[in-house]
Amino acid sequence: MSPPKNPESSPKNPESGKEYTPKAGHDKSPETGKNNSNIAETGCLIPQSEPAEKDGKITRMIILGPSAEISNTELVRNLHMMEFPLTIKTTCYGAAISGEKEDVDEAIKRIRKLDPYNIFTKDRGFPPGDPRRCRAKRGGAREGFHQLEKEFELLDDVSKALKNPRKVKVKKVEKISPEEFKKIARECK
Amino acid sequence: MKVAIFPPNSMILADLVERRGHEPLVMQRQIRKKVTSAEIDSPPLNITEKEPIEGLKYAAIEVPSGVRGRMALFGPLIEEADAAIIMEDAPFGFGCVGCARTNELCMFNIRKRNIPVLEVTYPTSSEETMELVNKINEFLDSLEDKNG
């Protein structure tokens, strides 16, 4: 990545409009020494990630619970019938959809209405069929699938709880007294 | 409200937060930035030498680079959060959440922020799961009240 042409005159990149973040060791930045968030306590310059708001294309997984009233095929057919410009992929757990954030969000909103208590969704970092994660290329299930498999076991109970909500009291966690802490420390010896 | 969840890639927590109209701060969003950026041309190396340097904001230089690299992803989510839900003893620990020390550091950072935090344990029975869901919903509704 090449540095901006004239970082001294403007802290912003003239091409992208993004804030100019100098590389470690680049001492020409006008921000050096002034912006506390970029400086560690040790005085090292720490490059910061760009804010996560600008999503652009996103991918979401739609997971059907064990008691879902619709099948994968129905789910995908419904997604296609919405006619959004999305990439739709049928999967064993439901479907993966990818596209512009607004379209994906609207599709999720509508698809949830089919079976509100049994359709779950999750964000996904990699696009569908990405060779780095797709098992067709690399062999074996991807890491996220193991987690999904484990969480899938709870989905039936989660949907039951969503259908029949109950009032519960949330216990507030409070700090313990030093005496109590000393007692615990003695017990742990 | 932006709600940080822990484990940061939990489907159940993210889904429940979203159902109540809040925004879950999930790991996948951070991962997406790394894997769809045009700079990355060598697929397995999603974490470059930049991340352990970014992680210095959250952990000392003596801390292993794996922890600092992970903190470069988790840290911004924790900083952005207005509230948090921590699910302890979750049996899954794959990929980015596979490091116990990072998980401890994340939980410490969440607690240190003085934001509303709900701490629950991973359910082992049907009854516990239902209670967990109700607790999370109750907590999320109370956030809305505070928010006006």
# chains A, B, ... in the order shown; residues from 1 in each chain; ligands from 1
>>> closest_atom_pairs(of="chain A", to="chain B", cutoff="8 Å", atoms="only C-alpha atoms", output="Markdown table")
| residue | atom | partner | partner_atom | distance |
| --- | --- | --- | --- | --- |
| A:Met1 | CA | B:Glu39 | CA | 7.8 |
| A:Ala40 | CA | B:Lys57 | CA | 5.8 |
| A:Ile46 | CA | B:Glu54 | CA | 5.4 |
| A:Pro47 | CA | B:Glu54 | CA | 5.9 |
| A:Gln48 | CA | B:Glu54 | CA | 6.3 |
| A:Ala52 | CA | B:Gln30 | CA | 7.0 |
| A:Phe120 | CA | B:Asp15 | CA | 6.2 |
| A:Thr121 | CA | B:Asp15 | CA | 6.0 |
| A:Lys122 | CA | B:Met11 | CA | 5.4 |
| A:Asp123 | CA | B:Gln28 | CA | 6.0 |
| A:Arg124 | CA | B:Gln28 | CA | 5.3 |
| A:Gly125 | CA | B:Arg32 | CA | 4.0 |
| A:Phe126 | CA | B:Arg32 | CA | 6.1 |
| A:Arg132 | CA | B:Pro43 | CA | 6.3 |
| A:Glu143 | CA | B:Phe94 | CA | 6.0 |
| A:Gly144 | CA | B:Phe94 | CA | 7.3 |
| A:His146 | CA | B:Phe94 | CA | 7.7 |
| A:Gln147 | CA | B:Phe92 | CA | 5.8 |
| A:Leu148 | CA | B:Met11 | CA | 7.3 |
| A:Lys150 | CA | B:Phe92 | CA | 7.2 |
| A:Glu151 | CA | B:Ile12 | CA | 7.1 |
| A:Leu154 | CA | B:Thr129 | CA | 7.1 |
| A:Leu155 | CA | B:Ile12 | CA | 7.8 |
| A:Asp157 | CA | B:Ser126 | CA | 5.9 |
| A:Val158 | CA | B:Met130 | CA | 6.2 |
| A:Lys160 | CA | B:Met130 | CA | 7.4 |
| A:Ala161 | CA | B:Met130 | CA | 4.9 |
| A:Leu162 | CA | B:Val133 | CA | 7.4 |
| A:Pro165 | CA | B:Asn134 | CA | 6.4 |
| A:Arg166 | CA | B:Asn134 | CA | 6.3 |
| A:Lys167 | CA | B:Asn134 | CA | 6.9 |
| A:Val168 | CA | B:Lys135 | CA | 6.2 |
| A:Lys169 | CA | B:Lys135 | CA | 7.2 |
| A:Val170 | CA | B:Lys135 | CA | 6.0 |
| A:Lys172 | CA | B:Leu118 | CA | 7.9 |
| A:Val173 | CA | B:Glu119 | CA | 8.0 |
>>> write_last_selection(atoms="N, CA and C atoms", output="compact mmCIF listing (two decimals), in the first residue's frame")
# COMPACT_ATOMS: atom_id res chain seq x y z
N MET A 1 0.86 -1.20 0.00
CA MET A 1 0.00 0.00 0.00
C MET A 1 0.89 1.24 0.00
N ALA A 40 0.50 4.07 22.38
CA ALA A 40 0.44 3.19 23.55
C ALA A 40 1.14 3.88 24.70
N ILE A 46 0.57 3.05 17.36
CA ILE A 46 -0.25 1.86 17.11
C ILE A 46 -1.21 2.14 15.98
N PRO A 47 -1.08 1.43 14.85
CA PRO A 47 -2.03 1.66 13.76
C PRO A 47 -3.41 1.16 14.16
N GLN A 48 -4.44 1.92 13.86
CA GLN A 48 -5.80 1.54 14.23
C GLN A 48 -6.57 1.00 13.03
N ALA A 52 -15.85 -0.18 11.64
CA ALA A 52 -16.52 -1.32 11.01
C ALA A 52 -17.85 -0.97 10.36
N PHE A 120 -33.41 -18.61 12.66
CA PHE A 120 -32.36 -17.87 13.36
C PHE A 120 -31.36 -17.37 12.31
N THR A 121 -30.73 -16.27 12.61
CA THR A 121 -29.74 -15.78 11.64
C THR A 121 -28.44 -15.42 12.33
N LYS A 122 -27.41 -15.44 11.54
CA LYS A 122 -26.08 -15.16 12.08
C LYS A 122 -25.26 -14.50 10.97
N ASP A 123 -24.43 -13.56 11.36
CA ASP A 123 -23.53 -12.92 10.41
C ASP A 123 -22.43 -13.90 10.02
N ARG A 124 -21.87 -13.72 8.84
CA ARG A 124 -20.74 -14.56 8.45
C ARG A 124 -19.67 -13.68 7.81
N GLY A 125 -18.44 -13.92 8.16
CA GLY A 125 -17.35 -13.10 7.65
C GLY A 125 -17.00 -13.40 6.21
N PHE A 126 -16.88 -14.67 5.90
CA PHE A 126 -16.47 -15.08 4.56
C PHE A 126 -17.68 -15.14 3.63
N ARG A 132 -11.32 -20.27 0.76
CA ARG A 132 -10.58 -20.37 2.02
C ARG A 132 -11.37 -21.11 3.08
N GLU A 143 -14.54 -24.18 10.57
CA GLU A 143 -14.58 -24.03 12.04
C GLU A 143 -15.95 -23.59 12.54
N GLY A 144 -16.54 -22.65 11.83
CA GLY A 144 -17.82 -22.12 12.27
C GLY A 144 -18.91 -23.18 12.31
N HIS A 146 -18.70 -26.29 13.36
CA HIS A 146 -18.67 -27.04 14.63
C HIS A 146 -19.44 -26.27 15.71
N GLN A 147 -19.23 -24.96 15.68
CA GLN A 147 -19.92 -24.13 16.67
C GLN A 147 -21.43 -24.14 16.41
N LEU A 148 -21.76 -24.02 15.15
CA LEU A 148 -23.18 -24.03 14.76
C LEU A 148 -23.84 -25.33 15.19
N LYS A 150 -23.04 -27.24 17.65
CA LYS A 150 -23.20 -27.26 19.10
C LYS A 150 -24.39 -26.38 19.51
N GLU A 151 -24.48 -25.22 18.92
CA GLU A 151 -25.56 -24.31 19.28
C GLU A 151 -26.91 -24.81 18.77
N LEU A 154 -29.37 -26.46 21.13
CA LEU A 154 -30.17 -25.64 22.05
C LEU A 154 -31.36 -24.96 21.38
N LEU A 155 -31.36 -24.95 20.05
CA LEU A 155 -32.34 -24.13 19.34
C LEU A 155 -33.79 -24.49 19.63
N ASP A 157 -35.10 -25.55 22.43
CA ASP A 157 -35.48 -24.94 23.70
C ASP A 157 -35.54 -23.42 23.60
N VAL A 158 -34.65 -22.87 22.78
CA VAL A 158 -34.65 -21.41 22.59
C VAL A 158 -35.97 -20.98 21.94
N LYS A 160 -38.80 -22.56 22.05
CA LYS A 160 -39.89 -22.75 23.03
C LYS A 160 -39.96 -21.56 23.98
N ALA A 161 -38.78 -21.12 24.43
CA ALA A 161 -38.73 -19.98 25.35
C ALA A 161 -39.21 -18.70 24.67
N LEU A 162 -38.91 -18.56 23.38
CA LEU A 162 -39.36 -17.36 22.66
C LEU A 162 -40.87 -17.37 22.48
N PRO A 165 -42.79 -16.62 26.54
CA PRO A 165 -41.92 -15.80 27.40
C PRO A 165 -42.42 -15.75 28.85
N ARG A 166 -41.48 -15.73 29.78
CA ARG A 166 -41.82 -15.69 31.21
C ARG A 166 -41.06 -14.55 31.85
N LYS A 167 -41.62 -14.00 32.89
CA LYS A 167 -40.92 -12.93 33.61
C LYS A 167 -39.89 -13.56 34.54
N VAL A 168 -38.67 -13.14 34.45
CA VAL A 168 -37.65 -13.64 35.38
C VAL A 168 -36.92 -12.45 35.98
N LYS A 169 -36.30 -12.70 37.10
CA LYS A 169 -35.57 -11.61 37.73
C LYS A 169 -34.09 -11.75 37.40
N VAL A 170 -33.52 -10.70 36.87
CA VAL A 170 -32.09 -10.74 36.56
C VAL A 170 -31.31 -10.26 37.76
N LYS A 172 -28.42 -8.84 39.76
CA LYS A 172 -27.31 -7.93 39.44
C LYS A 172 -26.04 -8.40 40.15
N VAL A 173 -24.96 -8.48 39.40
CA VAL A 173 -23.69 -8.91 40.00
C VAL A 173 -23.10 -7.74 40.78
>>> select_by_dssp(residues="chain B", states="strand (DSSP E or B)", output="PDB file with C-alpha atoms, in the first residue's frame")
ATOM      1  CA  LYS B   2     -24.768  -1.730  20.595  1.00  0.00           C
ATOM      2  CA  VAL B   3     -24.463  -4.914  22.591  1.00  0.00           C
ATOM      3  CA  ALA B   4     -21.200  -6.836  22.781  1.00  0.00           C
ATOM      4  CA  ILE B   5     -21.637 -10.573  23.146  1.00  0.00           C
ATOM      5  CA  PHE B   6     -19.283 -13.164  24.463  1.00  0.00           C
ATOM      6  CA  GLU B  23     -27.209  -4.261  17.344  1.00  0.00           C
ATOM      7  CA  PRO B  24     -25.023  -7.237  18.253  1.00  0.00           C
ATOM      8  CA  LEU B  25     -21.304  -6.573  17.985  1.00  0.00           C
ATOM      9  CA  ALA B  83     -23.881  -3.054  26.993  1.00  0.00           C
ATOM     10  CA  ALA B  84     -22.640  -6.636  27.029  1.00  0.00           C
ATOM     11  CA  ILE B  85     -23.777 -10.216  27.528  1.00  0.00           C
ATOM     12  CA  ILE B  86     -21.221 -12.754  28.691  1.00  0.00           C
ATOM     13  CA  MET B  87     -21.964 -16.452  28.450  1.00  0.00           C
ATOM     14  CA  GLU B  88     -19.442 -18.308  30.556  1.00  0.00           C
ATOM     15  CA  VAL B 117     -23.371  -6.470  31.733  1.00  0.00           C
ATOM     16  CA  LEU B 118     -25.395  -9.653  31.973  1.00  0.00           C
ATOM     17  CA  GLU B 119     -23.382 -12.682  32.996  1.00  0.00           C
ATOM     18  CA  VAL B 120     -24.925 -16.080  32.369  1.00  0.00           C
ATOM     19  CA  THR B 121     -23.585 -19.599  32.154  1.00  0.00           C
TER      20      THR B 121
END
>>> atom_distance(atom1="CA of Ile78 in chain B", atom2="CA of Arg113 in chain B")
8.4 Å
>>> select_by_dssp(residues="range 1-88 of chain B", states="alpha helix (DSSP H)", output="PyMOL selection string")
chain B and resi 11-19+27-36+50-54+65-80
>>> atom_distance(atom1="CA of Gly98 in chain B", atom2="CA of Arg70 in chain B")
9.9 Å
>>> atom_distance(atom1="CA of Phe152 in chain A", atom2="CA of Thr90 in chain A")
17.3 Å
>>> residues_around(residues="Ser98 in chain A", least_positions_apart="4", cutoff="7 Å", atoms="only C-alpha atoms", output="PyMOL selection string")
chain A and resi 57-60+86-88+104+127
